[in-house]
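Visitor: The structure is given below, and queries will be raised subsequently.
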Amino acid sequence: MEAAESTGRENMEENPFEPYMETLRQQLEDQDPVFLIGIIVALAVVVITCVFLKYFLTSKTVCSAVLLVGLCDSGKTLLFSRLLSGNYKRTQTSITDSSAPYKAKNDKGSTWTLIDLPGHDSLRPQYLEKFKSAARAIVFVVDSAIFQKEVRDVAEFLYVLLTDTVICRNTPLLLVACNKQDITMAKSAKLIQQQLEKELNTLRVTRSAALSSQDGSVGGSLFLGKKGKDFEFSQLPMKVEFVECSARGSKGEDGAADTESLELSLAKL
Amino acid sequence: MLDFFTIFSKGGIVLWCFQGAGVTESFTGPVNALIRSVILQERSGNNSYTHEALSLKYKLDNEFELIFVVGFQKILTLTYVDKFIDDVQLHFRDRYKNELEQKGSLKLLNNSFEFGNEFKMLLREAEASGKAKSPAPMRSFKESEKSQKTVKSMIETKGGDKGKEQSGKKNKNTKKDAPAAEAAKGDQVKAPPTVQKVTVENGNQGLTADEIMLKKREEFFRKHMAAPPEKTSSKSPKPQKPREKPRRVWDISGKSGKSTKTLDYSDSRNGEDSTNEGEPNQDVFFDQVSAVGLCLFSSKKAGGFGGMFGMLKGLVGSKNLTQADMEPVLDKMRDHLIGTSSAKGISDQMSSYVCLAVASTVKQALQDSLVQILQPKRRVDILRDVMDAQIQRRPFVITFCGVNGVGKSTNLAKISFWLIENGFTVLIAACDTFRAGAVEQLRTHQRRLNSLHPPEKHGGRPVVQLYEKGYGKDAAGIAMEAIAYARNQSFDVVLVDTAGRMQDNAPLMTALAKLIAVNMPDLVLFVGEALVGNEAVDQLVKFNQALADHSMSDKPRLIDGIVLTKFDTIDDKVGAAISMTYITGQPIVFVGTGQTYNDLRSLNARAVVSALMKA
């Protein structure tokens with residue numbers, strides 16, 4: 001009795017679909033084969049177009065720039081000059097960006113554009129806005145000698161970078177270059193990383209508690225890292241590396257710069 | 001004489017530098033200070049800057065994106081420096097045109113720009129010309145004209161008096177007319193040197209004064225003006241006319257001397273009927289186009305008119321718009337259109353096309369620059385600063401100042417609500433000891449805030465307390481006591497409410513400055529309403545001035561931020577935000593959008609600018 005009931009119930013469930021399947025099958029068979037082929041071709045074209053669009057419009061293939069960003073006087077322009085030509089050049093505060101093609105020192109010999117953005121507070125947002133979508137990697141240059149005094153400014157700039165929607169979407173490689181290692185008071189990369197993590201920990205709380213803006217858009221954007229745990233760079237979706245370098249070099253103006261670790265990391269791109 | 005001279009690109013790479021003999025300090029510091037304060041601020045009109053003992057002059061070359069900076073000791077007054085920079089710029093550009101024209105910075109990095117010899121030669125020339133302009137030596141009596149006059153001619157009789165007076169008057173007329181004539185000639189002549197020259201010449205008193213004037217003026221015209229000399233003869237009858245006060249012309253459309261008749265288009269006549277109308281229409285067209293920014297037409301070579309391609313070239317480059325750029329292009333375009341026979345129809349079409357294309361570019365550039373003005377130059381994170389003060393075991397003091405009735409007490413309550421929501425304890429100092437009901441108002445706010453956040457939930461102590469000493473007492477004293485009380489009771493934030501005062505009221509401004517100077521608050525917020533209009537500029541300038549004047553130290557506490565209130569009452573008239581931020585250079589920290597505690601926002605620069613541009 002129960003078996004009959006259960007099979008009856010199964011039949012009941014299949015039955016509603018069965019007539020539809022039957023009619024569909026009959027209709028397909030009745031149709032002209034040419035018409036059927038037309039439908040199949042159209043569907044295939046649509047699928048292929050979608051795949052192509054997705055492939056070509058992903059920003060990863062459009063990006064080919066490495067941005068040099070950082071606070072004012074951190075040594076970006078000198079680093080730019082060293083990476084491109086190896087020469088020491090006197091520099092002043094930049095007020096526009098400079099760009100040049102860079103040949104990476106790896107086996108593939110890939111070339112991409114190295115862009116040096118000005119670090120001054122009033123120019124920083126507009127240049128970042130202009131170039132952030134094309135960034136494949138961002139080299140964040142930090143002045144290791146006076147880092148202790150500038151910790152909050154550095155952390156604030158880094159926070160702005162990490163919470164930017166475009167950068168979060170593309171997840172470029174973030175290389176924090178601790179520059180000016182030739183000065184004796186320079187902090188090591190490890191120390192800088194710890195200090196930044198501590199500062200960003202507090203910053204993400206205050207920023208997300210900030211007021212929303214007057215037209216309704218939320219002031220505090222996404223929350224960095226994981227809630228409940230202390231902030232660490234490993235919690236971020238993008239890869240963050242800390243390297244030490246010295247654009248001036250230990251021997252002064254005539255010597256070579258100590259940028260090997262930076263160049264190695266850049267070569268891995 | 002010069003301490004240093006540098007040429008560097010806008011991207012920051014120094015192309016060439018020269019350091020004077022005996023100068024050991026590096027010039028990087030002063031030049032960086034120059035860049036940061038002057039070039040980036042884009043405020044000052046002149047091109048000089050002083051940094052400690054050095055005086056710096058600079059010149060921008062926007063075509064090749066270079067900056068030329070010269071530095072010398074402040075105590076020296078070198079007259080040849082301006083011309084010297086221009087010469088150096090021209091020579092450098094001519095010599096390295098090829099390298100500089102290339103896009104990308106590789107050439108700049110790889111090349112070494114040798115300029116030493118030319119520079120030394122130019123410097124020698126400039127110094128020599130500077131020495132040549134020494135003051136003229138005094139003439140001896142024998143050389144002067146007076147020694148050649150007879151004694152009889154100098155005796156004053158009635159007739160002689162008149163003769164002398166008339167000649168004196170004519171001299172004055174010619175003095176006045178000469179600059180007027182030159183101003184009427186065109187914009188190309190600089191006024192000061194001409195006036196100087198004429199006054200020097202006027203020293204020649206004598207019977208032949210008029211002829212001397214005419215002769216000298218002709219000489220001057222010939223030397224300085226491109227106009228043909230026969231025009232000067234037409235100008236000469238002018239001084240004979242009796243001088244009357246010219247009728248003041250209020251220019252309606254920016255072009256003086258145009259009567260309203262020519263601008264009257266109410267007649268339904270077609271333009272082709274009379275040739276008279278062709279002229280005014282073209283003039284209006286040129287006005288329109290020049291007003292919108294015709295200089296975008298000019299390609300990078302000045303004066304070149306290459307039709308459509310010229311416009312595109314000009315649009316692609318980032319050229320600074322100046323009056324001098326517009327002049328040659330405007331003239332060329334005028335000639336070009338007059339030359340074509342069907343100028344009327346084409347000019348109308350062209351004007352609309354040009355205006356559309358140019359207007360959209362100008363609008364985008366304006367939007368970008370406005371957003372840049374409104375972006376805060378430094379961090380606006382009050383919570384972070386309060387946390388810092390908490391670590392240092394001292395209260396974070398915020399002072400509110402402003403004119404009467406802008407909403408200081410209301411916004412103070414809103415800000416204390418926001419701070420309480422984020423877990424801080426607040427002490428409100430009632431330093432408004434003048435207005436009746438001010439203390440009671442704050443007490444009401446305190447009660448409401450405490451009822452919203454009852455002390456039981458926050459560790460047993462009330463989150464908001466009011467420190468008041470009634471009416472009529474000294475505000476600065478109350479503030480100091482309040483801060484000491486907060487430190488003892490370990491409050492996190494002290495909000496000091498002051499009385500509203502007009503910016504012209506000197507004793508009240510002094511009292512406010514004293515309060516701020518004595519108590520050294522962490523944040524001085526100026527509360528201004530969004531409806532204020534042009535008054536905002538006056539208010540802010542006078543408040544800042546008062547704070548700077550009455551402070552004892554050499555680093556006075558000025559206004560650190562702006563609270564823009566009553567933002568919900570304006571729909572699109574958001575211009576007050578722009579003017580306030582531009583005048584002080586300080587960010588807008590809060591925006592008040594209503595009367596309840598939740599109506600506190602932060603400023604979104606892009607939204608404000610798009611609202612502004614939509615209007």
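We label chains A, B, ... in the order they appear in the structure tokens, count residues from 1 in each chain, and number ligands from 1 in the order shown.
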Please provide as a list in words all residues within 8 Å of A:Ile138, with the sequence filter that same-chain residues fewer than 5 positions apart are discarded (counting only C-alpha atoms).
Guide: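 Non-adjacent residues within range: Val66, Leu67, Leu68, Val69, Pro172, Leu173, Leu174 and Leu175 of chain A.
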Visitor: With N, CA, C and O atoms retained, export the selected residues as a compact mmCIF listing (two decimals), in the first residue's frame.
Guide:
# COMPACT_ATOMS: atom_id res chain seq x y z
N VAL A 66 52.71 51.34 -14.09
CA VAL A 66 53.13 51.24 -12.69
C VAL A 66 53.22 52.65 -12.15
O VAL A 66 53.92 53.49 -12.70
N LEU A 67 52.47 52.92 -11.08
CA LEU A 67 52.42 54.26 -10.55
C LEU A 67 53.40 54.40 -9.39
O LEU A 67 53.51 53.52 -8.55
N LEU A 68 54.08 55.53 -9.35
CA LEU A 68 54.94 55.85 -8.22
C LEU A 68 54.21 56.91 -7.40
O LEU A 68 54.09 58.05 -7.82
N VAL A 69 53.71 56.52 -6.23
CA VAL A 69 52.98 57.48 -5.41
C VAL A 69 53.64 57.57 -4.05
O VAL A 69 54.47 56.75 -3.68
N PRO A 172 45.63 45.78 -8.01
CA PRO A 172 47.00 45.75 -8.47
C PRO A 172 47.94 45.38 -7.33
O PRO A 172 47.56 45.44 -6.16
N LEU A 173 49.16 45.04 -7.68
CA LEU A 173 50.16 44.73 -6.68
C LEU A 173 50.57 46.02 -5.98
O LEU A 173 50.82 47.03 -6.62
N LEU A 174 50.62 46.00 -4.67
CA LEU A 174 51.02 47.19 -3.92
C LEU A 174 52.39 46.95 -3.31
O LEU A 174 52.56 46.09 -2.46
N LEU A 175 53.37 47.71 -3.79
CA LEU A 175 54.74 47.57 -3.28
C LEU A 175 55.03 48.78 -2.42
O LEU A 175 55.07 49.89 -2.92
Visitor: Give me, as number ranges by chain, the contact residues of chain A against chain B at a cut-off of 6 Å, counting only C-alpha atoms.
Guide: A: 90-100, 121-122, 206, 211-214
Visitor: For B:Pro521, find every residue with an atom within 8 Å (counting only C-alpha atoms), except residues of its own chain fewer than 4 positions away, and show them as a ChimeraX atom specification.
Guide: /B:396-399,516
Visitor: Would you mind exporting N, CA, C and O atoms of the selected residues as an mmCIF file, in the first residue's frame?
Guide:
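Written file, again-v7.cif:
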data_model
loop_
_atom_site.group_PDB
_atom_site.id
_atom_site.type_symbol
_atom_site.label_atom_id
_atom_site.label_comp_id
_atom_site.auth_asym_id
_atom_site.auth_seq_id
_atom_site.Cartn_x
_atom_site.Cartn_y
_atom_site.Cartn_z
ATOM 1 N N PHE B 396 40.286 67.542 24.112
ATOM 2 C CA PHE B 396 40.370 68.134 22.776
ATOM 3 C C PHE B 396 39.406 69.306 22.743
ATOM 4 O O PHE B 396 38.209 69.136 22.932
ATOM 5 N N VAL B 397 39.925 70.525 22.531
ATOM 6 C CA VAL B 397 39.100 71.725 22.664
ATOM 7 C C VAL B 397 38.697 72.231 21.284
ATOM 8 O O VAL B 397 39.557 72.460 20.433
ATOM 9 N N ILE B 398 37.402 72.389 21.079
ATOM 10 C CA ILE B 398 36.899 72.964 19.822
ATOM 11 C C ILE B 398 36.169 74.255 20.170
ATOM 12 O O ILE B 398 35.314 74.277 21.054
ATOM 13 N N THR B 399 36.526 75.329 19.467
ATOM 14 C CA THR B 399 35.877 76.624 19.699
ATOM 15 C C THR B 399 35.039 76.989 18.482
ATOM 16 O O THR B 399 35.479 76.819 17.344
ATOM 17 N N ILE B 516 40.850 82.979 22.207
ATOM 18 C CA ILE B 516 41.526 81.935 21.448
ATOM 19 C C ILE B 516 43.014 81.928 21.743
ATOM 20 O O ILE B 516 43.636 80.877 21.876
#
Visitor: If I take atom CA of A:Gly119 and atom CA of A:Asp73, how far is one from the other in Å, to one decimal?
Guide: 7.6 Å
Visitor: Quick one: residues within 8 Å of B:Arg501, only C-alpha atoms counted, chain neighbours fewer than 3 positions away excluded, as a PDB file with all heavy atoms, in the first residue's frame?
Guide:
ATOM      1  N   GLY B 402      31.631  82.984  15.134  1.00  0.00           N
ATOM      2  CA  GLY B 402      30.874  83.380  13.953  1.00  0.00           C
ATOM      3  C   GLY B 402      30.038  84.599  14.274  1.00  0.00           C
ATOM      4  O   GLY B 402      30.017  85.064  15.403  1.00  0.00           O
ATOM      5  N   VAL B 403      29.315  85.104  13.275  1.00  0.00           N
ATOM      6  CA  VAL B 403      28.487  86.280  13.514  1.00  0.00           C
ATOM      7  C   VAL B 403      27.176  85.829  14.135  1.00  0.00           C
ATOM      8  O   VAL B 403      26.947  84.646  14.359  1.00  0.00           O
ATOM      9  CB  VAL B 403      28.240  87.069  12.215  1.00  0.00           C
ATOM     10  CG1 VAL B 403      29.553  87.490  11.622  1.00  0.00           C
ATOM     11  CG2 VAL B 403      27.461  86.250  11.228  1.00  0.00           C
ATOM     12  N   ASN B 404      26.289  86.801  14.396  1.00  0.00           N
ATOM     13  CA  ASN B 404      25.066  86.487  15.122  1.00  0.00           C
ATOM     14  C   ASN B 404      24.121  85.650  14.284  1.00  0.00           C
ATOM     15  O   ASN B 404      23.919  85.908  13.108  1.00  0.00           O
ATOM     16  CB  ASN B 404      24.332  87.792  15.494  1.00  0.00           C
ATOM     17  CG  ASN B 404      25.270  88.805  16.073  1.00  0.00           C
ATOM     18  OD1 ASN B 404      26.160  89.269  15.392  1.00  0.00           O
ATOM     19  ND2 ASN B 404      25.076  89.130  17.323  1.00  0.00           N
ATOM     20  N   ASN B 505      32.948  94.821  14.687  1.00  0.00           N
ATOM     21  CA  ASN B 505      32.898  95.282  16.072  1.00  0.00           C
ATOM     22  C   ASN B 505      34.245  95.031  16.724  1.00  0.00           C
ATOM     23  O   ASN B 505      34.507  93.930  17.202  1.00  0.00           O
ATOM     24  CB  ASN B 505      31.771  94.520  16.779  1.00  0.00           C
ATOM     25  CG  ASN B 505      31.430  95.128  18.095  1.00  0.00           C
ATOM     26  OD1 ASN B 505      32.256  95.755  18.738  1.00  0.00           O
ATOM     27  ND2 ASN B 505      30.177  94.950  18.499  1.00  0.00           N
ATOM     28  N   LEU B 508      34.661  93.501  20.445  1.00  0.00           N
ATOM     29  CA  LEU B 508      34.256  92.103  20.541  1.00  0.00           C
ATOM     30  C   LEU B 508      35.238  91.191  19.819  1.00  0.00           C
ATOM     31  O   LEU B 508      35.517  90.071  20.272  1.00  0.00           O
ATOM     32  CB  LEU B 508      32.856  91.926  19.971  1.00  0.00           C
ATOM     33  CG  LEU B 508      31.734  92.557  20.774  1.00  0.00           C
ATOM     34  CD1 LEU B 508      30.399  92.226  20.150  1.00  0.00           C
ATOM     35  CD2 LEU B 508      31.759  92.085  22.215  1.00  0.00           C
ATOM     36  N   MET B 509      35.757  91.662  18.693  1.00  0.00           N
ATOM     37  CA  MET B 509      36.738  90.843  17.982  1.00  0.00           C
ATOM     38  C   MET B 509      37.992  90.678  18.823  1.00  0.00           C
ATOM     39  O   MET B 509      38.616  89.614  18.840  1.00  0.00           O
ATOM     40  CB  MET B 509      37.101  91.484  16.637  1.00  0.00           C
ATOM     41  CG  MET B 509      35.981  91.522  15.630  1.00  0.00           C
ATOM     42  SD  MET B 509      35.218  89.928  15.320  1.00  0.00           S
ATOM     43  CE  MET B 509      36.547  89.046  14.607  1.00  0.00           C
TER      44      MET B 509
END
Visitor: Please return, as a PyMOL selection string, all residues of stretch 8-220 of chain A that DSSP assigns to alpha helix (DSSP H) on the basis of the backbone.
Guide: chain A and resi 8-30+33-57+59-62+76-85+124-131+147-162+165-170+189-208
Visitor: Which residues in stretch 32-205 of chain A does DSSP call strand (DSSP E)? List them as a ChimeraX atom specification.
Guide: /A:65-70,98-103,111-116,135-143,173-179
Visitor: Can you pull out the residues contacting stretch 227-236 of chain A? Cut-off 9 Å, using only C-alpha atoms, and skip same-chain residues under 4 positions away; I want them as a count of residues only.
Guide: 12
Visitor: What is the atom CA of B:Leu495-atom CA of B:Cys431 distance in Å, reported with one decimal?
Guide: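 Rounded to one decimal, the two atoms are 9.9 Å apart.
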Visitor: List the neighbours of A:Lys130 out to 12 Å using only C-alpha atoms; skip same-chain residues closer than 2 positions along the sequence, and give me the result as number ranges by chain.
Guide: A: 67, 96-97, 115, 117, 123-128, 132-135, 166; B: 368
Visitor: Give me a file of those residues, with all heavy atoms, as a short mmCIF file (atom, residue, chain, number, x, y, z; two decimals), in the first residue's frame.
Guide:
data_model
loop_
_atom_site.label_atom_id
_atom_site.label_comp_id
_atom_site.auth_asym_id
_atom_site.auth_seq_id
_atom_site.Cartn_x
_atom_site.Cartn_y
_atom_site.Cartn_z
N LEU A 67 52.47 52.92 -11.08
CA LEU A 67 52.42 54.26 -10.55
C LEU A 67 53.40 54.40 -9.39
O LEU A 67 53.51 53.52 -8.55
CB LEU A 67 51.02 54.59 -10.03
CG LEU A 67 49.87 54.39 -10.98
CD1 LEU A 67 48.59 54.78 -10.30
CD2 LEU A 67 50.05 55.21 -12.22
N THR A 96 53.63 68.16 -12.04
CA THR A 96 52.86 67.36 -12.99
C THR A 96 53.43 65.95 -12.98
O THR A 96 54.46 65.70 -12.39
CB THR A 96 52.94 67.88 -14.42
OG1 THR A 96 54.30 68.01 -14.77
CG2 THR A 96 52.25 69.20 -14.58
N ASP A 97 52.73 65.07 -13.69
CA ASP A 97 53.22 63.69 -13.73
C ASP A 97 54.28 63.54 -14.80
O ASP A 97 54.34 64.34 -15.74
CB ASP A 97 52.05 62.75 -14.03
CG ASP A 97 51.38 63.12 -15.34
OD1 ASP A 97 50.91 64.27 -15.47
OD2 ASP A 97 51.35 62.27 -16.24
N ILE A 115 54.97 55.64 -14.26
CA ILE A 115 54.41 56.99 -14.13
C ILE A 115 54.72 57.52 -12.74
O ILE A 115 54.44 56.86 -11.74
CB ILE A 115 52.88 56.98 -14.35
CG1 ILE A 115 52.54 56.32 -15.67
CG2 ILE A 115 52.34 58.40 -14.34
CD1 ILE A 115 51.07 56.29 -15.96
N LEU A 117 53.82 60.26 -10.09
CA LEU A 117 52.78 61.24 -9.78
C LEU A 117 53.27 62.22 -8.73
O LEU A 117 54.06 61.84 -7.86
CB LEU A 117 51.53 60.54 -9.24
CG LEU A 117 50.89 59.49 -10.13
CD1 LEU A 117 49.64 58.96 -9.48
CD2 LEU A 117 50.54 60.09 -11.46
N LEU A 123 47.60 68.25 -5.27
CA LEU A 123 47.59 67.65 -6.61
C LEU A 123 47.31 66.17 -6.57
O LEU A 123 46.96 65.58 -7.58
CB LEU A 123 48.95 67.85 -7.28
CG LEU A 123 49.37 69.29 -7.49
CD1 LEU A 123 50.79 69.31 -7.95
CD2 LEU A 123 48.50 69.93 -8.51
N ARG A 124 47.50 65.60 -5.40
CA ARG A 124 47.44 64.14 -5.30
C ARG A 124 46.10 63.58 -5.78
O ARG A 124 46.08 62.64 -6.57
CB ARG A 124 47.69 63.74 -3.86
CG ARG A 124 48.38 62.44 -3.69
CD ARG A 124 48.39 62.07 -2.25
NE ARG A 124 49.24 62.93 -1.46
CZ ARG A 124 49.10 63.10 -0.16
NH1 ARG A 124 48.14 62.48 0.48
NH2 ARG A 124 49.90 63.89 0.51
N PRO A 125 44.97 64.11 -5.30
CA PRO A 125 43.70 63.44 -5.66
C PRO A 125 43.44 63.45 -7.17
O PRO A 125 43.01 62.43 -7.70
CB PRO A 125 42.64 64.27 -4.93
CG PRO A 125 43.35 65.07 -3.94
CD PRO A 125 44.74 65.26 -4.40
N GLN A 126 43.73 64.57 -7.83
CA GLN A 126 43.35 64.61 -9.24
C GLN A 126 44.21 63.69 -10.09
O GLN A 126 43.70 63.07 -11.02
CB GLN A 126 43.40 66.04 -9.77
CG GLN A 126 44.79 66.60 -9.91
CD GLN A 126 44.75 68.09 -10.25
OE1 GLN A 126 44.29 68.88 -9.44
NE2 GLN A 126 45.22 68.45 -11.39
N TYR A 127 45.50 63.57 -9.76
CA TYR A 127 46.35 62.69 -10.57
C TYR A 127 46.04 61.23 -10.29
O TYR A 127 46.08 60.39 -11.19
CB TYR A 127 47.83 63.00 -10.32
CG TYR A 127 48.27 64.20 -11.08
CD1 TYR A 127 48.39 65.44 -10.47
CD2 TYR A 127 48.52 64.12 -12.44
CE1 TYR A 127 48.76 66.55 -11.18
CE2 TYR A 127 48.89 65.23 -13.15
CZ TYR A 127 49.01 66.44 -12.52
OH TYR A 127 49.36 67.55 -13.23
N LEU A 128 45.72 60.94 -9.03
CA LEU A 128 45.34 59.56 -8.71
C LEU A 128 44.08 59.17 -9.46
O LEU A 128 43.97 58.09 -10.02
CB LEU A 128 45.10 59.47 -7.19
CG LEU A 128 45.26 58.10 -6.58
CD1 LEU A 128 46.64 57.57 -6.87
CD2 LEU A 128 45.02 58.17 -5.10
N LYS A 132 44.45 55.92 -11.81
CA LYS A 132 44.30 54.71 -11.00
C LYS A 132 43.72 53.54 -11.78
O LYS A 132 44.00 52.39 -11.47
CB LYS A 132 43.45 55.00 -9.77
CG LYS A 132 42.04 55.45 -10.07
CD LYS A 132 41.33 55.82 -8.79
CE LYS A 132 39.94 56.33 -9.12
NZ LYS A 132 39.25 56.80 -7.94
N SER A 133 42.90 53.83 -12.80
CA SER A 133 42.29 52.72 -13.51
C SER A 133 43.29 51.98 -14.39
O SER A 133 43.08 50.83 -14.75
CB SER A 133 41.14 53.23 -14.36
OG SER A 133 41.57 54.34 -15.11
N ALA A 134 44.40 52.64 -14.73
CA ALA A 134 45.37 51.99 -15.61
C ALA A 134 46.48 51.32 -14.83
O ALA A 134 47.45 50.87 -15.42
CB ALA A 134 45.97 53.02 -16.56
N ALA A 135 46.34 51.24 -13.51
CA ALA A 135 47.48 50.79 -12.71
C ALA A 135 47.53 49.28 -12.64
O ALA A 135 46.54 48.62 -12.31
CB ALA A 135 47.37 51.36 -11.30
N VAL A 166 37.97 51.68 -7.44
CA VAL A 166 38.60 51.22 -8.68
C VAL A 166 39.78 50.31 -8.36
O VAL A 166 39.99 49.27 -8.98
CB VAL A 166 39.05 52.44 -9.53
CG1 VAL A 166 39.88 52.00 -10.69
CG2 VAL A 166 37.85 53.21 -9.99
N ASP B 368 36.81 70.88 -12.72
CA ASP B 368 37.99 70.29 -12.09
C ASP B 368 38.64 71.25 -11.12
O ASP B 368 39.05 70.87 -10.02
CB ASP B 368 39.02 69.91 -13.16
CG ASP B 368 38.57 68.68 -13.92
OD1 ASP B 368 37.72 67.94 -13.38
OD2 ASP B 368 39.05 68.47 -15.04
#
Visitor: So which residues touch stretch 144-147 of chain A within 7 Å, counting only C-alpha atoms, skipping near sequence neighbours fewer than 6 positions away, as a count of residues only?
Guide: 8
Visitor: Could you state the separation of atom CA of B:Val589 and atom CA of B:Ala413 in Å, given to one decimal place?
Guide: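 A separation of 15.3 Å between them.
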